[in-house]
Every structure is written in structure tokens, then in C-alpha cells.
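S.K.: Have a look at the structure that comes next, please.
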Amino acid sequence: MALLRVGVVLSGCGVFDGAEIHESVITLLALDRAGAQAVCMAPNVQQLHVVNHLTGEVAAGEQRNVLVEAARIARGSIRDMASVDAAELDALILPGGFGAAKNLCDFALKGADCQVHPEVARVVRAVHAAGKPVGAVCIAPALLANLLGTEKPRVTIGTDRETAAAIESMGACHVDCDVRGTVVDRERRVVTTPAYMLAQSISEAAAGIEKLVQEVLELARTAA
């Protein structure tokens, strides 16, 4: 079977203002161990803001670019999402971190009234429309609820009631899920896991993410 190519959508670098680094690296490692090729990508836009990860406070006056920062995680091997054609990919995975809710969309600011960055929306919708699987980690399922809500996909962010309610108000069906588990919507080919929405350690986050990668690759093989 041909090598599966899986897009990994990064949202910067750092849990508070970008992609969650542990979630991103675990995703990339799991893909590599499974023999799949990760195609890292990010929108070429400025971050909502920069957070000092030592203090947790916003660094007033600082600016950083999402694509440039995400390149740190990808070791420089990353694409501007504007250059990505869904036809290149067999599947797509979105790690979490606040960047998913601040830079890929504005869920962190507007909740259920959020909008998704146009290039992110284009790629996610095109991959989904082609019948290829999409995985989302941590808070990233909120983005899928926004884009795919009319199809009522089954997704999870864990057990947080307020976030789950916002996701359901966008049309998705939220399913409570343990940190080590996944919710697989086989009909809509969507896989989600809570990761650091619930995880108290990197090993707990890894358990669910590794299952998600396995499920996404299994769905991709049946679509190939």
C-alpha cells in the first residue's frame, strides 16, 4: 500500500498562544511510527497575541507569525496552508492548544459565534468532502463543530460542560470521553480525543492521541 500522507495543522508553538507542543509532537511521532508521512502546515497569519509561558501573561506589544512559530515544531519542514491542496492528503489531524481556538479560529473569543480562518476552513472542508478522515485533539473539535455542524458529527473535548454546550450549539453532538479514549464517528469519518482538556500528564495525553492516530490511519486506508 502506498505511503499515507497526513496533514498536521499547527497553530503556532506553545500551549497558551499556539499549538500544544506535547500534543503536536506525540501526533508526529505516532504518525512516523505507523509509517505515515506527516505534512505539517499552518496559516501564514499573525497570532492573536503572544503569551509569556513563564508567567502566563500576555506580552504587550509583541507579535509573532503562526507559520513561523509552527516551523519550530516541524523543524522547518512546513507548508503555508494557502499552498496545500486536499488532493495531496489522505487524512488531516489538528492538534490542540489555545492556538487552535485563537489562531485557527476565534472560538476562544466568540465561542459558538466563532469563525474559522478561511484557509483552514478550505482545507478541512475539502479533505472531509473527499471522504478522507479528519482527527482533532483537545479543543480543536470546536473548529470541526463550526465547519461540519450541519452534519451533526459526534465529537468530544472530554467532559467540560460549558465547552460541550458551545459545541452542541454549533450543531455537533458532544460525547463525554475519558482522557485515554477517542470518539470515532465512522459515518462522517471524524475522530476526536480530549488530550490536555483532561490530561494530568504527558502519558495520559499520549494514550488518547496515539489511539486517534491509529483510528485516523485505519479510516484513511479504507478510503484509499
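Residues are referred to by chain and number: the chain letter is A, B, ... according to the order shown in the C-alpha cells, the number counts from 1 in that chain, and ligands are numbered separately from 1 in the order shown.
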Could you pull the residues within 6 Å of segment 189-198 of chain A, counting only C-alpha atoms, minus those fewer than 3 positions along the same chain, as a list in words?

M.R.: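 Neighbouring residues, sequence-local ones excluded: Pro133, Val134, Gly135, Ala136, Val137, Cys138, Val155, Thr156, Ile157, Gly158, Val179, Thr182, Val183, Val184, Asp185, Arg186, Ala205 and Gly208 of chain A.
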
S.K.: Skip Ile202 of chain A itself and residues of its chain fewer than 4 positions away, then list as a list of chain:residue names all residues within 10 Å of it, counting only C-alpha atoms.

M.R.: A:His22, A:Glu23, A:Ile26, A:Ala195, A:Tyr196, A:Ala206, A:Ala207

S.K.: Name all residues at most 8 Å from Ser11 of chain A (count only C-alpha atoms; drop same-chain ones fewer than 5 positions away) and give them as a ChimeraX atom specification.

M.R.: /A:18-19,42-43,66-67,70,97,99-100,103-104

S.K.: What is the distance between atom CA of Leu147 of chain A and atom CA of Ser24 of chain A, in Å to one decimal?

M.R.: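 Separation of atom CA of Leu147 of chain A and atom CA of Ser24 of chain A: 21.6 Å.
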
S.K.: Fewer than 6 positions away in the same chain doesn't count, so skip those; otherwise give me all residues within 12 Å of segment 159-164 of chain A, counting only C-alpha atoms, as a short mmCIF file (atom, residue, chain, number, x, y, z; two decimals) with C-alpha atoms, in the first residue's frame.

M.R.:
```
data_model
loop_
_atom_site.label_atom_id
_atom_site.label_comp_id
_atom_site.auth_asym_id
_atom_site.auth_seq_id
_atom_site.Cartn_x
_atom_site.Cartn_y
_atom_site.Cartn_z
CA ALA A 101 -9.05 28.39 19.35
CA PHE A 107 -13.59 30.20 19.44
CA ALA A 108 -11.60 31.41 22.47
CA LYS A 110 -16.52 34.26 20.49
CA GLY A 111 -17.49 30.74 21.48
CA ALA A 112 -20.27 29.33 19.31
CA CYS A 138 -8.11 18.75 22.76
CA ILE A 139 -10.02 21.98 21.91
CA ALA A 140 -9.68 21.56 18.12
CA PRO A 141 -13.01 19.64 17.83
CA ALA A 142 -14.71 23.02 18.39
CA LEU A 143 -13.36 24.04 14.99
CA ALA A 145 -18.18 21.62 15.07
CA MET A 170 -22.93 24.76 16.55
CA GLY A 171 -24.69 21.54 15.56
CA ALA A 172 -22.28 18.83 16.66
CA CYS A 173 -23.17 16.06 19.10
CA HIS A 174 -20.81 16.07 22.07
CA VAL A 175 -19.89 12.74 23.65
CA ASP A 176 -18.21 12.62 27.06
CA CYS A 177 -14.91 10.77 26.83
CA ASP A 178 -12.12 9.62 29.12
CA VAL A 179 -8.66 11.13 28.62
CA THR A 193 -9.80 12.84 21.79
CA PRO A 194 -9.63 15.11 24.89
CA ALA A 195 -5.84 15.10 25.49
CA TYR A 196 -4.94 18.11 27.68
CA MET A 197 -8.57 19.09 28.14
CA LEU A 198 -8.36 16.34 30.77
CA ALA A 199 -4.79 15.01 30.87
#
```

S.K.: What is the atom CA of His128 of chain A-atom CA of Lys152 of chain A distance in Å, reported with one decimal?

M.R.: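 These two atoms are separated by 13.6 Å.
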
S.K.: Within 9 Å of Ala38 of chain A, counting only C-alpha atoms, which residues show up once you throw out same-chain ones fewer than 2 positions away? Write them as a VMD selection string, please.

M.R.: chain A and resid 4 to 8 28 31 to 32 36 40

S.K.: Take the residues just selected and output them with N, CA and C atoms as a PDB file, in the first residue's frame.

M.R.:
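Contents of out31.pdb, as written:
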```pdb
ATOM      1  N   LEU A   4       0.839   6.659   3.328  1.00  0.00           N
ATOM      2  CA  LEU A   4      -0.242   7.598   3.624  1.00  0.00           C
ATOM      3  C   LEU A   4       0.338   8.956   3.993  1.00  0.00           C
ATOM      4  N   ARG A   5      -0.230  10.013   3.437  1.00  0.00           N
ATOM      5  CA  ARG A   5       0.196  11.378   3.724  1.00  0.00           C
ATOM      6  C   ARG A   5      -0.877  12.059   4.571  1.00  0.00           C
ATOM      7  N   VAL A   6      -0.491  12.461   5.765  1.00  0.00           N
ATOM      8  CA  VAL A   6      -1.447  13.018   6.717  1.00  0.00           C
ATOM      9  C   VAL A   6      -1.077  14.462   7.031  1.00  0.00           C
ATOM     10  N   GLY A   7      -1.970  15.382   6.722  1.00  0.00           N
ATOM     11  CA  GLY A   7      -1.742  16.772   7.060  1.00  0.00           C
ATOM     12  C   GLY A   7      -1.865  16.985   8.562  1.00  0.00           C
ATOM     13  N   VAL A   8      -0.935  17.756   9.127  1.00  0.00           N
ATOM     14  CA  VAL A   8      -0.976  18.098  10.543  1.00  0.00           C
ATOM     15  C   VAL A   8      -1.033  19.625  10.632  1.00  0.00           C
ATOM     16  N   LEU A  28       2.979  13.687  15.658  1.00  0.00           N
ATOM     17  CA  LEU A  28       4.008  13.462  14.641  1.00  0.00           C
ATOM     18  C   LEU A  28       4.754  12.154  14.882  1.00  0.00           C
ATOM     19  N   LEU A  31       2.474   9.160  13.988  1.00  0.00           N
ATOM     20  CA  LEU A  31       2.384   9.007  12.533  1.00  0.00           C
ATOM     21  C   LEU A  31       3.643   8.359  11.977  1.00  0.00           C
ATOM     22  N   ASP A  32       4.799   8.822  12.441  1.00  0.00           N
ATOM     23  CA  ASP A  32       6.063   8.282  11.945  1.00  0.00           C
ATOM     24  C   ASP A  32       6.208   6.808  12.314  1.00  0.00           C
ATOM     25  N   ALA A  36       3.486   6.492   8.371  1.00  0.00           N
ATOM     26  CA  ALA A  36       2.804   7.518   7.576  1.00  0.00           C
ATOM     27  C   ALA A  36       3.690   8.755   7.455  1.00  0.00           C
ATOM     28  N   CYS A  40       3.208  18.866   7.601  1.00  0.00           N
ATOM     29  CA  CYS A  40       2.876  19.943   8.529  1.00  0.00           C
ATOM     30  C   CYS A  40       2.483  21.201   7.773  1.00  0.00           C
TER      31      CYS A  40
END
```

S.K.: Nearest to Val15 of chain A: which of A:Phe98, A:Arg79, A:Val50, A:Ala126 is it, counting only C-alpha atoms?

M.R.: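 Looking only at the distances to Val15 of chain A, the closest residue turns out to be A:Phe98.
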
S.K.: DSSP on the backbone: what in chain A comes out strand (DSSP E or B), as a ChimeraX atom specification?

M.R.: /A:5-9,37-42,46,51,58,65,79-80,91-94,105,116,134-137,154-155,173-174,183-185,190-193

S.K.: Find the residues around Arg64 of chain A up to 10 Å (only C-alpha atoms counted), leave out those fewer than 5 positions away in its own chain, and share them as a PyMOL selection string.

M.R.: chain A and resi 12-13+17+45-50+69

S.K.: Could those selected residues go to a file with C-alpha atoms, as a compact mmCIF listing (two decimals), in the first residue's frame?

M.R.:
```
# COMPACT_ATOMS: atom_id res chain seq x y z
CA GLY A 12 1.89 28.30 16.38
CA CYS A 13 4.20 26.99 19.11
CA ASP A 17 -0.91 31.11 22.27
CA VAL A 45 -1.02 34.99 9.77
CA GLN A 46 -0.14 36.87 12.92
CA GLN A 47 -1.03 35.25 16.24
CA LEU A 48 -3.88 36.73 18.21
CA HIS A 49 -1.30 37.65 20.85
CA VAL A 50 1.94 36.43 22.42
CA GLU A 69 6.33 29.76 15.09
```

S.K.: Quick one: everything within 9 Å of Gln214 of chain A, counting only C-alpha atoms, minus sequence neighbours fewer than 5 positions away in the same chain. Send it as a PyMOL selection string.

M.R.: chain A and resi 30-31+34+209+219

S.K.: Include C-alpha atoms and write out the residues we just selected as a compact mmCIF listing (two decimals), in the first residue's frame.

M.R.:
```txt
# COMPACT_ATOMS: atom_id res chain seq x y z
CA ALA A 30 2.71 8.34 16.25
CA LEU A 31 2.38 9.01 12.53
CA ALA A 34 2.96 3.95 11.95
CA ILE A 209 -3.62 10.78 20.80
CA LEU A 219 -10.13 5.13 8.18
```

S.K.: What does the distance from atom CA of Gly96 of chain A to atom CA of Phe16 of chain A come to in Å, to one decimal?

M.R.: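 It comes out at 10.4 Å.
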